[in-house]
file structure29.pdb (PDB, C-alpha atoms)
MODEL        1
ATOM      1  CA  ALA A  11       0.000   0.000   0.000  1.00  0.00           C
ATOM      2  CA  MET A  12       2.811   2.381   0.877  1.00  0.00           C
ATOM      3  CA  ALA A  13       4.540   1.850  -2.472  1.00  0.00           C
ATOM      4  CA  GLY A  14       1.331   2.758  -4.287  1.00  0.00           C
ATOM      5  CA  GLU A  15       1.051   6.207  -2.717  1.00  0.00           C
ATOM      6  CA  GLY A  16       2.740   7.814  -5.712  1.00  0.00           C
ATOM      7  CA  VAL A  17       5.238   9.903  -3.756  1.00  0.00           C
ATOM      8  CA  PRO A  18       8.973   9.187  -3.790  1.00  0.00           C
ATOM      9  CA  TYR A  19       9.460   8.963  -0.038  1.00  0.00           C
ATOM     10  CA  ALA A  20       6.667   6.394   0.363  1.00  0.00           C
ATOM     11  CA  SER A  21       8.192   4.175  -2.297  1.00  0.00           C
ATOM     12  CA  ALA A  22      11.587   4.464  -0.620  1.00  0.00           C
ATOM     13  CA  PHE A  23      10.077   3.485   2.755  1.00  0.00           C
ATOM     14  CA  ALA A  24       8.358   0.474   1.178  1.00  0.00           C
ATOM     15  CA  THR A  25      11.615  -0.555  -0.467  1.00  0.00           C
ATOM     16  CA  LEU A  26      13.515  -0.318   2.820  1.00  0.00           C
ATOM     17  CA  ILE A  27      10.861  -2.475   4.503  1.00  0.00           C
ATOM     18  CA  ARG A  28      11.221  -5.021   1.708  1.00  0.00           C
ATOM     19  CA  ALA A  29      14.993  -4.961   2.235  1.00  0.00           C
ATOM     20  CA  ALA A  30      14.545  -5.795   5.922  1.00  0.00           C
ATOM     21  CA  LEU A  31      12.201  -8.645   5.023  1.00  0.00           C
ATOM     22  CA  ALA A  32      14.671 -10.004   2.457  1.00  0.00           C
ATOM     23  CA  ALA A  33      17.469  -9.831   5.033  1.00  0.00           C
ATOM     24  CA  ASP A  34      15.282 -11.664   7.536  1.00  0.00           C
ATOM     25  CA  ARG A  35      14.610 -14.400   4.956  1.00  0.00           C
ATOM     26  CA  GLY A  36      18.342 -14.740   4.357  1.00  0.00           C
ATOM     27  CA  ASP A  37      18.152 -13.368   0.813  1.00  0.00           C
ATOM     28  CA  GLY A  38      21.264 -11.218   1.023  1.00  0.00           C
ATOM     29  CA  ALA A  39      21.467 -10.353  -2.667  1.00  0.00           C
ATOM     30  CA  GLN A  40      17.884  -9.082  -2.720  1.00  0.00           C
ATOM     31  CA  ALA A  41      18.371  -7.191   0.549  1.00  0.00           C
ATOM     32  CA  LEU A  42      21.466  -5.454  -0.861  1.00  0.00           C
ATOM     33  CA  ALA A  43      19.694  -4.457  -4.058  1.00  0.00           C
ATOM     34  CA  LEU A  44      16.714  -3.147  -2.115  1.00  0.00           C
ATOM     35  CA  CYS A  45      18.921  -1.150   0.276  1.00  0.00           C
ATOM     36  CA  ASP A  46      20.577   0.454  -2.756  1.00  0.00           C
ATOM     37  CA  ALA A  47      17.191   1.270  -4.266  1.00  0.00           C
ATOM     38  CA  ALA A  48      15.882   2.661  -0.977  1.00  0.00           C
ATOM     39  CA  ALA A  49      18.946   4.880  -0.539  1.00  0.00           C
ATOM     40  CA  GLY A  50      18.488   6.225  -4.057  1.00  0.00           C
ATOM     41  CA  GLY A  51      14.809   6.867  -3.408  1.00  0.00           C
ATOM     42  CA  PHE A  52      15.563   8.712  -0.198  1.00  0.00           C
ATOM     43  CA  ASP A  53      18.215  10.766  -1.989  1.00  0.00           C
ATOM     44  CA  ALA A  54      15.651  11.708  -4.648  1.00  0.00           C
ATOM     45  CA  ALA A  55      13.219  12.740  -1.906  1.00  0.00           C
ATOM     46  CA  ASP A  56      15.885  14.860  -0.152  1.00  0.00           C
ATOM     47  CA  MET A  57      15.796  12.573   2.876  1.00  0.00           C
ATOM     48  CA  ALA A  58      19.517  12.309   3.525  1.00  0.00           C
ATOM     49  CA  LEU A  59      19.217  10.787   6.999  1.00  0.00           C
ATOM     50  CA  TYR A  60      17.127   7.883   5.763  1.00  0.00           C
ATOM     51  CA  ALA A  61      19.485   7.456   2.789  1.00  0.00           C
ATOM     52  CA  ALA A  62      22.426   7.231   5.205  1.00  0.00           C
ATOM     53  CA  VAL A  63      20.575   4.648   7.299  1.00  0.00           C
ATOM     54  CA  ALA A  64      19.793   2.562   4.207  1.00  0.00           C
ATOM     55  CA  ARG A  65      23.473   2.695   3.244  1.00  0.00           C
ATOM     56  CA  ARG A  66      24.485   1.759   6.789  1.00  0.00           C
ATOM     57  CA  ARG A  67      22.165  -1.248   6.650  1.00  0.00           C
ATOM     58  CA  ARG A  68      23.605  -2.212   3.271  1.00  0.00           C
ATOM     59  CA  GLY A  69      27.121  -1.951   4.685  1.00  0.00           C
ATOM     60  CA  ALA A  70      26.230  -4.273   7.545  1.00  0.00           C
ATOM     61  CA  LEU A  71      24.885  -6.792   5.034  1.00  0.00           C
ATOM     62  CA  VAL A  72      27.973  -6.585   2.798  1.00  0.00           C
ATOM     63  CA  GLY A  73      30.439  -6.806   5.653  1.00  0.00           C
ATOM     64  CA  GLY A  74      34.194  -6.699   5.252  1.00  0.00           C
ATOM     65  CA  ASP A  75      36.108  -3.566   4.344  1.00  0.00           C
ATOM     66  CA  GLU A  76      33.428  -2.320   1.962  1.00  0.00           C
ATOM     67  CA  GLY A  77      30.705  -2.682   4.560  1.00  0.00           C
ATOM     68  CA  ALA A  78      32.796  -1.094   7.286  1.00  0.00           C
ATOM     69  CA  ALA A  79      33.547   1.883   5.044  1.00  0.00           C
ATOM     70  CA  ALA A  80      29.837   2.330   4.271  1.00  0.00           C
ATOM     71  CA  GLY A  81      29.017   2.155   7.963  1.00  0.00           C
ATOM     72  CA  ARG A  82      31.681   4.722   8.845  1.00  0.00           C
ATOM     73  CA  ALA A  83      30.448   7.098   6.131  1.00  0.00           C
ATOM     74  CA  ALA A  84      26.847   6.796   7.303  1.00  0.00           C
ATOM     75  CA  ASP A  85      27.860   7.257  10.930  1.00  0.00           C
ATOM     76  CA  ALA A  86      29.971  10.308  10.074  1.00  0.00           C
ATOM     77  CA  PHE A  87      26.992  11.875   8.311  1.00  0.00           C
ATOM     78  CA  MET A  88      24.731  11.199  11.283  1.00  0.00           C
ATOM     79  CA  MET A  89      27.255  12.496  13.790  1.00  0.00           C
ATOM     80  CA  ALA A  90      27.584  15.689  11.729  1.00  0.00           C
ATOM     81  CA  GLN A  91      23.818  16.017  12.215  1.00  0.00           C
ATOM     82  CA  LYS A  92      24.380  15.822  15.997  1.00  0.00           C
ATOM     83  CA  ILE A  93      23.129  12.244  16.271  1.00  0.00           C
ATOM     84  CA  VAL A  94      25.012  10.812  19.224  1.00  0.00           C
ATOM     85  CA  ALA A  95      24.276   7.116  18.634  1.00  0.00           C
ATOM     86  CA  PRO A  96      24.049   6.346  14.897  1.00  0.00           C
ATOM     87  CA  SER A  97      23.468   2.636  15.466  1.00  0.00           C
ATOM     88  CA  ARG A  98      20.467   3.368  17.670  1.00  0.00           C
ATOM     89  CA  MET A  99      19.105   5.852  15.141  1.00  0.00           C
ATOM     90  CA  ALA A 100      19.404   3.153  12.470  1.00  0.00           C
ATOM     91  CA  ASP A 101      17.465   0.782  14.732  1.00  0.00           C
ATOM     92  CA  VAL A 102      14.667   3.344  15.036  1.00  0.00           C
ATOM     93  CA  LEU A 103      14.491   4.339  11.360  1.00  0.00           C
ATOM     94  CA  ALA A 104      15.147   0.924   9.810  1.00  0.00           C
ATOM     95  CA  PRO A 105      14.270  -1.841  12.265  1.00  0.00           C
ATOM     96  CA  GLY A 106      14.236  -5.492  11.388  1.00  0.00           C
ATOM     97  CA  PHE A 107      17.728  -5.962  10.004  1.00  0.00           C
TER      98      PHE A 107
ENDMDL
END

call {"tool": "encode", "arguments": {"input": "structure29.pdb", "output": "structure tokens"}}
result
Amino acid sequence: AMAGEGVPYASAFATLIRAALAADRGDGAQALALCDAAAGGFDAADMALYAAVARRRRGALVGGDEGAAAGRAADAFMMAQKIVAPSRMADVLAPGF
């Protein structure tokens, strides 16, 4: 229903929810693709915080050096926004991962 609202931010939210569901099912490839799509949707909707959270979630799924770098970049963005605990903010904005 959310994806059918016809506004970019709603589609991005729906995509991020689908990413969490894919991660929960163990479908890592789908979860990664959906996190990428959600981040792009949030960027298009000028929702940089949510885009950073989607990228942080993607980084956690990827793991390794690439994932750690994505996590650090997302955390740096959030800390620049005066968010003291980026991991907790990610848990609030994108639960289920």

call {"tool": "residues_around", "arguments": {"input": "structure29.pdb", "residues": "segment 90-106 of chain A", "least_positions_apart": "2", "cutoff": "6 Å", "atoms": "all atoms listed in the file", "output": "list in words"}}
result
Ala30, Val63, Asp85, Phe87 and Met88 of chain A

call {"tool": "resolve_selection", "arguments": {"input": "structure29.pdb", "expression": "the PyMOL selection byres ((chain A and resi 47) around 10)", "output": "list in words"}}
result
Ser21, Ala22, Thr25, Leu26, Ala29, Ala41, Leu42, Ala43, Leu44, Cys45, Asp46, Ala48, Ala49, Gly50, Gly51, Phe52, Asp53, Ala61, Ala64 and Arg65 of chain A

call {"tool": "closest_residue", "arguments": {"input": "structure29.pdb", "among": "A:Phe107, A:Gln40, A:Ala62, A:Ala33", "to": "Met89 of chain A", "atoms": "all atoms listed in the file"}}
result
A:Ala62

call {"tool": "atom_distance", "arguments": {"input": "structure29.pdb", "atom1": "atom CA of Asp34 of chain A", "atom2": "atom CA of Gly77 of chain A"}}
result
18.1 Å

call {"tool": "closest_residue", "arguments": {"input": "structure29.pdb", "among": "A:Leu31, A:Ala11, A:Ala24, A:Ala84", "to": "Arg67 of chain A", "atoms": "only C-alpha atoms"}}
result
A:Ala84

call {"tool": "atom_distance", "arguments": {"input": "structure29.pdb", "atom1": "atom CA of Ala78 of chain A", "atom2": "atom CA of Ala55 of chain A"}}
result
25.7 Å

call {"tool": "atom_distance", "arguments": {"input": "structure29.pdb", "atom1": "atom CA of Ala80 of chain A", "atom2": "atom CA of Arg66 of chain A"}}
result
5.9 Å

call {"tool": "axis_aligned_box", "arguments": {"input": "structure29.pdb", "around": "segment 29-37 of chain A", "padding_each_side": "6 Å", "output": "JSON"}}
result
{"center_x": 15.3, "center_y": -9.9, "center_z": 4.2, "size_x": 18.1, "size_y": 21.8, "size_z": 18.7}

call {"tool": "closest_residue", "arguments": {"input": "structure29.pdb", "among": "A:Pro18, A:Phe23, A:Glu76, A:Gly38", "to": "Tyr60 of chain A", "atoms": "all atoms listed in the file"}}
result
A:Phe23
